[in-house]
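For reference, the structure discussed in these notes is given below.
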Amino acid sequence: MTQAIQIEGLTKTYGDFIAVDSLSLNISRNSFVGFLGPNGAGKSTTIKMLTNLTVATSGKAFLNGIDVVKDPKTALSEVGAVVETPEFYPYLTPDKSLEYIAKLRGMKKDDIVVRTKEVLDLVKMSHEHDMKIGKFSKGMKQRVAIAQALMFDPSIIILDEPTSGLDPRGMVEVREILLDLKKRDLTIFMSSHLLNEVQGLCDSVAMMNHGKLLLNKSIDDLKKELEYTRIQVDTIKHIDEAARSHLSENPCVGGVEVSAANQIIIEFKGGPEDRNDLLRRIDSELKVTSFFEHGNPLEEMYMGLIKESR
Amino acid sequence: MTTREDTPSDIQQVCIVTRYEIEKHMQSRAFIGIMALVSLILVLLTVIRPILGLDFSSDSASFVSDYVSWVEILVLIGAVAFASGALSSEFEKRTGLLMFPQPIKRETYLIGKYLSALVVIGAALGVYYIVVAVLSLAITGGVPATIILSFGFAMLYTIAACAVAFLFSSILKTNTASIVAMVLVFMMVFSIVGALLSMSNVDPFFMPSNAAGAISYSLEDPYPVTSTTQMGQNMSTTNYVPSELGATLVLLGWAIGSLVVAVVAFKRRQF
């Protein structure tokens with residue numbers, strides 16, 4: 001089996017409510033997949049079924065070829081996970097907590113000492129290695145949680161909103177860790193609400209709503225599929241109606257929105273030459289001070305798909 | 001990287017969980033609390049009697065019996081402190097989000113936690129019995145051999161009480177609910193039902209609180225038997241004494257039954 005994660009018809013129901021509805025999804029080895037969807041879409045339930053926190057009503061989910069529904073112990077042996085914001089035992093230190101988890105996974109004593117230092121350095125928690133976790137902030141606990149997921153050098157990492165609840169600095173630090181992990185031979189499956197984060201980190205995205213998979217594509221393919229790119233242009237000259245309608249006549253322009261006296265948002269379709277031509281024309285008429293892509297293609301795709309699936 | 005071949009066996013994992021859970025308990029406030037309680041009972045029983053001008057019994061079994069009468073309450077407090085929240089807290093305090101995605105079966109985790117609770121309560125009881133034995137030797141000049149049997153029954157009662165606490169903890173949502181259930185069942189329900197059965201001349205042999213009477217009875221030599229006292233012409237009261245074998249079987253029965261239900265409930269419980 002070449003897939004790192006293979007989900008086949010996975011379903012979870014709570015009474016009459018279908019949280020995950022016959023979900024099928026394959027995730028290749030060494031890929032970084034973002035898992036998107038609005039609140040209640042079924043992302044967390046899917047991740048909980050993959051990590052033995054919730055039992056599937058039906059279907060199969062294979063981690064490295066082993067069905068986690070039937071044999072969670074073996075299936076999770078090479079998987080590191082951070083689900084939501086897990087809590088640690090407050091009386092234990094990061095050293096002791098990591099040692100506990102490493103022992104459960106069969107790591108040897110010498111390896112535990114070396115690896116504990118490495119992963120705590122990576123998540124910037126080495127100074128707090130012997131402090132009781134009960135005194136830590138949410139962000140610090142989240143970093144230790146990431147450290148425990150990396151402790152045994154897993155082949156698959158499953159993350160459920162890893163930057164949720166962190167302050168901006170904590171979010172940046174966790175993103176840096178994830179970028180570093182991306183360079184390694186790892187499969188990362190990460191749910192997130194932050195589309196910029198997913199676009200910046202992931203190779204591809206899987207999107208779900210109402211328990212069903214809506215999309216599973218690479219970020220590059222998504223960008224190609226979007227008909228228009230939104231470009232924000234700031235100018236020195238005031239943008240009047242005549243200038244706006246003149247711009248609208250350009251065949252590469254799908255629409256023009258005047259967002260401020262000296263700012264327009266253009267829906268643009270075309271190649272680099274067309275873009276350059278458009279920039280020159282606006283500059284000659286209105287004197288351009290800045291010209292850049294506005295918004296996030298993933299966000300546009302997301303909003304479109306979620307609206308359709310309502 | 002660790003592989004699936006490196007993952008320890010279930011038995012090895014039970015030992016790992018037990019070891020780290022004991023370490024966790026030892027650093028908790030609950031452990032300080034129970035050791036403080038052990039010390040308080042020992043100090044009060046040893047100091048107050050002379051202050052009130054009362055003599056200690058010269059018979060070592062009778063001397064030890066005064067102290068052992070507090071063991072049942074110590075066991076229940078220990079079970080509440082170390083077992084009542086053992087499973088529910090994994091969900092309520094979200095530590096399960098960290099532990100359940102590890103490659104370990106839920107039943108393995110439960111058994112490790114259960115054994116750690118037994119070891120910690122056993123250690124507190126052990127200290128209590130050792131100090132009582134030393135006091136008995138110092139004050140009466142001897143230690144009854146039956147104190148070992150009494151400690152054995154105290155441990156059996158711990159095994160049963162912790163199993164029932166784990167049962168509540170596997171079913172109820174919060175620590176508080178399992179603690180309240182444990183206190184209500186052991187301190188009220190079992191006492192009331194036991195008393196009503198005795199009044200109706202029904203032997204409450206199956207009640208764990210009745211079987212726990214063996215902790216004190218075992219100090220007596222010979223071991224007492226059930227006796228009926230005539231009170232007037234048409235009234236009598238019966239003091240139902242559990243036999244040693246009966247008490248052992250009842251306590252083990254409660255322990256096994258409760259643990260089986262706890263394992264099933266814990267395995268089915270979800271985040």
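Ligands are numbered from 1 in the order shown, chains are lettered A, B, ... in the order of the structure tokens, and residues start at 1 in each chain.
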Neighbours of stretch 172-188 of chain B within 8 Å (only C-alpha atoms; same-chain residues fewer than 6 positions away dropped), as a list in words?
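Answer for this query is Leu76, Val80, Ser84, Gly85, Ser88, Ser89, Phe91, Glu92, Val164, Ala165 and Ser209 of chain B.
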Run DSSP on the backbone and grab whatever in stretch 185-302 of chain A lands in alpha helix (DSSP H); send it over as JSON, numbers by chain.
{"A": [195, 196, 197, 198, 199, 200, 201, 219, 220, 221, 222, 223, 224, 225, 241, 242, 243, 244, 245, 246, 247, 248, 272, 273, 274, 275, 276, 277, 278, 279, 280, 281, 282, 283, 284, 285, 286, 297, 298, 299, 300, 301, 302]}
Write out, as CSV, each residue of chain B that has an atom at most 6 Å from chain A, together with the closest pair of atoms and their distance in Å to one decimal, counting only C-alpha atoms, rows going by chain and rising number.
residue,atom,partner,partner_atom,distance
B:Met1,CA,A:Asp153,CA,4.6
B:Thr2,CA,A:Phe152,CA,5.7
B:Thr3,CA,A:Glu78,CA,5.9
B:Arg4,CA,A:Ser77,CA,5.1
B:Asp6,CA,A:Gly106,CA,5.1
B:Thr7,CA,A:Gly106,CA,4.8
B:Pro8,CA,A:Gly106,CA,5.4
B:Gln13,CA,A:Leu104,CA,6.0
B:Arg94,CA,A:Glu87,CA,5.4
B:Thr95,CA,A:Glu87,CA,4.7
B:Leu97,CA,A:Pro86,CA,5.0
B:Leu98,CA,A:Pro86,CA,5.4
B:Pro101,CA,A:Thr51,CA,4.9
B:Pro103,CA,A:Lys73,CA,4.2
B:Ile104,CA,A:Lys73,CA,5.3
B:Gln270,CA,A:Thr54,CA,4.9
B:Phe271,CA,A:Leu53,CA,5.7
For A:Ala4, find every residue with an atom within 7 Å (counting only C-alpha atoms), except residues of its own chain fewer than 4 positions away, and show them as number ranges by chain.
A: 27-29, 63-64, 187
Keeping only C-alpha atoms, write the selected residues to a file as a CSV table (one decimal), in the first residue's frame.
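What ended up in selection29.csv:
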chain,number,residue,atom,x,y,z
A,27,ILE,CA,-3.1,10.8,1.4
A,28,SER,CA,0.2,10.1,-0.2
A,29,ARG,CA,3.5,9.5,1.6
A,63,LEU,CA,-2.5,4.3,8.7
A,64,ASN,CA,0.6,2.9,6.9
A,187,THR,CA,3.3,12.8,5.9
For atom CA of B:Pro204 and atom CA of B:Pro222, determine how far apart the two atoms are, in Å to one decimal place.
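It comes out at 22.0 Å.
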Report as a ChimeraX atom specification all protein, DNA and RNA residues lying within 6 Å of B:Ala160, evaluated on only C-alpha atoms, omitting residues in the same chain fewer than 3 positions from it.
/B:157,163,251,254-255
Would you save the residues from that selection as a PDB file, in the first residue's frame, using N, CA and C atoms?
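File written: out.pdb
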ATOM      1  N   TYR B 157     -10.098  -5.166  50.498  1.00  0.00           N
ATOM      2  CA  TYR B 157     -11.136  -4.131  50.482  1.00  0.00           C
ATOM      3  C   TYR B 157     -10.707  -2.992  49.546  1.00  0.00           C
ATOM      4  N   ALA B 163     -11.940  -0.790  42.444  1.00  0.00           N
ATOM      5  CA  ALA B 163     -12.613  -1.286  41.235  1.00  0.00           C
ATOM      6  C   ALA B 163     -13.967  -0.601  41.071  1.00  0.00           C
ATOM      7  N   LEU B 251     -15.321  -9.782  48.231  1.00  0.00           N
ATOM      8  CA  LEU B 251     -14.511  -8.617  47.836  1.00  0.00           C
ATOM      9  C   LEU B 251     -13.889  -8.830  46.453  1.00  0.00           C
ATOM     10  N   TRP B 254     -16.690  -8.412  43.805  1.00  0.00           N
ATOM     11  CA  TRP B 254     -16.975  -7.001  43.521  1.00  0.00           C
ATOM     12  C   TRP B 254     -15.859  -6.397  42.656  1.00  0.00           C
ATOM     13  N   ALA B 255     -14.623  -6.761  42.984  1.00  0.00           N
ATOM     14  CA  ALA B 255     -13.488  -6.203  42.238  1.00  0.00           C
ATOM     15  C   ALA B 255     -13.531  -6.649  40.773  1.00  0.00           C
TER      16      ALA B 255
END
What gap, in Å, lies between atom CA of B:Thr158 and atom CA of B:Leu197?
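Pair atom CA of B:Thr158 / atom CA of B:Leu197 returns 23.8 Å.
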What residues in stretch 102-260 of chain B get the DSSP label strand (DSSP E)? Please answer as a ChimeraX atom specification.
/B:227-230,236-239
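For stretch 224-237 of chain A, the residues within 6 Å (counting only C-alpha atoms, excluding itself and residues fewer than 4 positions away along the chain) are A:Asn262, A:Gln263, A:Ile264, A:Ile265, A:Ile266, A:Glu267, A:Phe268, A:Lys269, A:Leu286, A:Lys287, A:Val288, A:Thr289, A:Ser290, A:Phe291, A:Phe292, A:Glu293, A:His294.
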For the selection you just gave me, I'd like the residues written to a file as a PDB file, in the first residue's frame, keeping N, CA, C and O atoms.
ATOM      1  N   ASN A 262      -8.419  56.287  -3.965  1.00  0.00           N
ATOM      2  CA  ASN A 262      -7.195  56.003  -4.720  1.00  0.00           C
ATOM      3  C   ASN A 262      -6.876  54.504  -4.737  1.00  0.00           C
ATOM      4  O   ASN A 262      -5.712  54.116  -4.792  1.00  0.00           O
ATOM      5  N   GLN A 263      -7.940  53.706  -4.673  1.00  0.00           N
ATOM      6  CA  GLN A 263      -7.683  52.247  -4.637  1.00  0.00           C
ATOM      7  C   GLN A 263      -8.773  51.484  -5.393  1.00  0.00           C
ATOM      8  O   GLN A 263      -9.960  51.784  -5.209  1.00  0.00           O
ATOM      9  N   ILE A 264      -8.347  50.529  -6.208  1.00  0.00           N
ATOM     10  CA  ILE A 264      -9.304  49.676  -6.920  1.00  0.00           C
ATOM     11  C   ILE A 264      -8.906  48.201  -6.762  1.00  0.00           C
ATOM     12  O   ILE A 264      -7.728  47.879  -6.589  1.00  0.00           O
ATOM     13  N   ILE A 265      -9.953  47.372  -6.828  1.00  0.00           N
ATOM     14  CA  ILE A 265      -9.715  45.920  -6.844  1.00  0.00           C
ATOM     15  C   ILE A 265     -10.159  45.438  -8.229  1.00  0.00           C
ATOM     16  O   ILE A 265     -11.314  45.646  -8.612  1.00  0.00           O
ATOM     17  N   ILE A 266      -9.236  44.798  -8.930  1.00  0.00           N
ATOM     18  CA  ILE A 266      -9.528  44.361 -10.294  1.00  0.00           C
ATOM     19  C   ILE A 266      -9.597  42.838 -10.331  1.00  0.00           C
ATOM     20  O   ILE A 266      -8.718  42.154  -9.798  1.00  0.00           O
ATOM     21  N   GLU A 267     -10.648  42.319 -10.954  1.00  0.00           N
ATOM     22  CA  GLU A 267     -10.719  40.869 -11.183  1.00  0.00           C
ATOM     23  C   GLU A 267     -10.024  40.605 -12.504  1.00  0.00           C
ATOM     24  O   GLU A 267     -10.499  41.027 -13.568  1.00  0.00           O
ATOM     25  N   PHE A 268      -8.887  39.938 -12.439  1.00  0.00           N
ATOM     26  CA  PHE A 268      -8.011  39.814 -13.611  1.00  0.00           C
ATOM     27  C   PHE A 268      -7.885  38.366 -14.056  1.00  0.00           C
ATOM     28  O   PHE A 268      -7.776  37.449 -13.250  1.00  0.00           O
ATOM     29  N   LYS A 269      -7.905  38.194 -15.396  1.00  0.00           N
ATOM     30  CA  LYS A 269      -7.675  36.855 -15.947  1.00  0.00           C
ATOM     31  C   LYS A 269      -6.673  37.003 -17.092  1.00  0.00           C
ATOM     32  O   LYS A 269      -6.904  37.786 -18.009  1.00  0.00           O
ATOM     33  N   LEU A 286      -3.179  56.661 -14.110  1.00  0.00           N
ATOM     34  CA  LEU A 286      -3.478  56.991 -12.704  1.00  0.00           C
ATOM     35  C   LEU A 286      -2.257  57.059 -11.786  1.00  0.00           C
ATOM     36  O   LEU A 286      -2.394  57.415 -10.613  1.00  0.00           O
ATOM     37  N   LYS A 287      -1.092  56.744 -12.296  1.00  0.00           N
ATOM     38  CA  LYS A 287       0.154  56.728 -11.511  1.00  0.00           C
ATOM     39  C   LYS A 287       0.074  55.691 -10.365  1.00  0.00           C
ATOM     40  O   LYS A 287      -0.411  55.995  -9.262  1.00  0.00           O
ATOM     41  N   VAL A 288       0.531  54.481 -10.616  1.00  0.00           N
ATOM     42  CA  VAL A 288       0.418  53.371  -9.657  1.00  0.00           C
ATOM     43  C   VAL A 288       1.462  53.489  -8.536  1.00  0.00           C
ATOM     44  O   VAL A 288       2.635  53.754  -8.797  1.00  0.00           O
ATOM     45  N   THR A 289       1.011  53.327  -7.301  1.00  0.00           N
ATOM     46  CA  THR A 289       1.955  53.277  -6.173  1.00  0.00           C
ATOM     47  C   THR A 289       2.161  51.825  -5.703  1.00  0.00           C
ATOM     48  O   THR A 289       3.209  51.487  -5.173  1.00  0.00           O
ATOM     49  N   SER A 290       1.125  50.989  -5.852  1.00  0.00           N
ATOM     50  CA  SER A 290       1.323  49.561  -5.555  1.00  0.00           C
ATOM     51  C   SER A 290       0.352  48.728  -6.381  1.00  0.00           C
ATOM     52  O   SER A 290      -0.733  49.196  -6.752  1.00  0.00           O
ATOM     53  N   PHE A 291       0.755  47.486  -6.657  1.00  0.00           N
ATOM     54  CA  PHE A 291      -0.005  46.591  -7.558  1.00  0.00           C
ATOM     55  C   PHE A 291       0.281  45.160  -7.077  1.00  0.00           C
ATOM     56  O   PHE A 291       1.401  44.672  -7.239  1.00  0.00           O
ATOM     57  N   PHE A 292      -0.696  44.559  -6.411  1.00  0.00           N
ATOM     58  CA  PHE A 292      -0.411  43.203  -5.881  1.00  0.00           C
ATOM     59  C   PHE A 292      -1.680  42.361  -5.810  1.00  0.00           C
ATOM     60  O   PHE A 292      -2.793  42.897  -5.814  1.00  0.00           O
ATOM     61  N   GLU A 293      -1.443  41.042  -5.757  1.00  0.00           N
ATOM     62  CA  GLU A 293      -2.574  40.116  -5.682  1.00  0.00           C
ATOM     63  C   GLU A 293      -3.316  40.312  -4.379  1.00  0.00           C
ATOM     64  O   GLU A 293      -2.713  40.353  -3.312  1.00  0.00           O
ATOM     65  N   HIS A 294      -4.605  40.424  -4.453  1.00  0.00           N
ATOM     66  CA  HIS A 294      -5.420  40.678  -3.275  1.00  0.00           C
ATOM     67  C   HIS A 294      -6.160  39.395  -2.899  1.00  0.00           C
ATOM     68  O   HIS A 294      -6.668  38.696  -3.766  1.00  0.00           O
TER      69      HIS A 294
END
At what distance in Å, to one decimal, does atom CA of B:Ile215 lie from atom CA of B:Ser150?
4.7 Å
Tell me which protein, DNA and RNA residues are within 8 Å of A:Pro94, counting only C-alpha atoms, leaving out same-chain ones fewer than 2 positions away, and put them as a PyMOL selection string.
chain A and resi 92+96-98+128-133+144
Would you pick out the contacts of stretch 38-51 of chain B at 12 Å or less, using only C-alpha atoms, so that residues sharing its chain but fewer than 6 positions from it are not included, and give the list as a PyMOL selection string?
chain B and resi 31-32+57+63-71+73-75+77-78+121+123-136+138-139
Go ahead and write the selection's residues with N, CA and C atoms as a compact mmCIF listing (two decimals), in the first residue's frame.
# COMPACT_ATOMS: atom_id res chain seq x y z
N PHE B 31 -1.79 12.64 47.55
CA PHE B 31 -0.89 11.76 48.30
C PHE B 31 -0.44 12.44 49.60
N ILE B 32 -0.12 13.72 49.50
CA ILE B 32 0.25 14.46 50.72
C ILE B 32 -0.93 14.42 51.69
N SER B 57 -5.13 -0.57 76.11
CA SER B 57 -5.35 -1.99 76.40
C SER B 57 -4.00 -2.69 76.51
N PHE B 63 -5.41 -3.65 71.46
CA PHE B 63 -4.75 -2.36 71.21
C PHE B 63 -4.77 -2.04 69.71
N VAL B 64 -4.37 -3.05 68.91
CA VAL B 64 -4.30 -2.85 67.45
C VAL B 64 -5.70 -2.63 66.88
N SER B 65 -6.70 -3.30 67.47
CA SER B 65 -8.07 -3.20 66.98
C SER B 65 -8.58 -1.75 67.01
N ASP B 66 -8.19 -0.98 68.04
CA ASP B 66 -8.62 0.43 68.13
C ASP B 66 -8.17 1.22 66.89
N TYR B 67 -6.97 0.91 66.44
CA TYR B 67 -6.41 1.61 65.27
C TYR B 67 -7.00 1.08 63.97
N VAL B 68 -7.17 -0.25 63.93
CA VAL B 68 -7.62 -0.89 62.68
C VAL B 68 -9.07 -0.51 62.36
N SER B 69 -9.83 -0.11 63.37
CA SER B 69 -11.22 0.29 63.11
C SER B 69 -11.30 1.50 62.17
N TRP B 70 -10.19 2.22 62.00
CA TRP B 70 -10.17 3.39 61.09
C TRP B 70 -9.72 3.03 59.68
N VAL B 71 -9.35 1.77 59.48
CA VAL B 71 -8.79 1.39 58.17
C VAL B 71 -9.83 1.48 57.04
N ILE B 73 -12.30 3.48 56.64
CA ILE B 73 -12.47 4.86 56.18
C ILE B 73 -11.24 5.33 55.40
N LEU B 74 -10.07 4.88 55.85
CA LEU B 74 -8.84 5.23 55.11
C LEU B 74 -8.87 4.67 53.69
N VAL B 75 -9.33 3.42 53.57
CA VAL B 75 -9.41 2.79 52.25
C VAL B 75 -10.36 3.58 51.35
N ILE B 77 -11.31 6.72 51.58
CA ILE B 77 -10.73 8.03 51.22
C ILE B 77 -9.65 7.85 50.14
N GLY B 78 -8.86 6.80 50.29
CA GLY B 78 -7.83 6.51 49.28
C GLY B 78 -8.45 6.22 47.92
N ILE B 121 -2.36 3.41 47.57
CA ILE B 121 -3.19 3.24 48.78
C ILE B 121 -2.55 2.17 49.68
N ALA B 123 0.56 1.53 49.95
CA ALA B 123 1.72 2.12 50.63
C ALA B 123 1.28 2.91 51.87
N ALA B 124 0.19 3.68 51.71
CA ALA B 124 -0.33 4.46 52.85
C ALA B 124 -0.80 3.51 53.97
N LEU B 125 -1.52 2.45 53.57
CA LEU B 125 -1.99 1.47 54.56
C LEU B 125 -0.80 0.76 55.22
N GLY B 126 0.20 0.45 54.39
CA GLY B 126 1.40 -0.23 54.90
C GLY B 126 2.07 0.60 55.99
N VAL B 127 2.22 1.88 55.72
CA VAL B 127 2.84 2.79 56.70
C VAL B 127 2.00 2.78 57.99
N TYR B 128 0.66 2.85 57.80
CA TYR B 128 -0.25 2.89 58.95
C TYR B 128 -0.10 1.62 59.81
N TYR B 129 -0.13 0.45 59.15
CA TYR B 129 -0.02 -0.81 59.88
C TYR B 129 1.36 -0.95 60.55
N ILE B 130 2.41 -0.51 59.87
CA ILE B 130 3.76 -0.63 60.46
C ILE B 130 3.86 0.23 61.72
N VAL B 131 3.34 1.46 61.62
CA VAL B 131 3.41 2.35 62.80
C VAL B 131 2.57 1.76 63.94
N VAL B 132 1.39 1.21 63.59
CA VAL B 132 0.54 0.59 64.62
C VAL B 132 1.27 -0.59 65.27
N ALA B 133 1.95 -1.39 64.45
CA ALA B 133 2.71 -2.54 64.98
C ALA B 133 3.81 -2.07 65.93
N VAL B 134 4.50 -1.00 65.52
CA VAL B 134 5.59 -0.47 66.36
C VAL B 134 5.01 0.07 67.68
N LEU B 135 3.89 0.78 67.58
CA LEU B 135 3.25 1.32 68.80
C LEU B 135 2.80 0.19 69.71
N SER B 136 2.23 -0.87 69.10
CA SER B 136 1.77 -2.03 69.88
C SER B 136 2.93 -2.67 70.62
N ALA B 138 5.71 -1.23 71.46
CA ALA B 138 6.23 -0.30 72.46
C ALA B 138 5.30 -0.23 73.68
N ILE B 139 4.00 -0.25 73.44
CA ILE B 139 3.06 -0.01 74.55
C ILE B 139 2.60 -1.31 75.22
Of the residues A:Glu161, A:Asp110, A:Glu249, A:Glu173, which is the one nearest to A:Met125, using only C-alpha atoms?
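Checking each candidate against A:Met125, we get A:Glu173 as the closest.
When only C-alpha atoms are used to measure the gap to B:Phe206, the shortest distance among B:Val250, B:Ile171, B:Val193, B:Val261 belongs to B:Val250.
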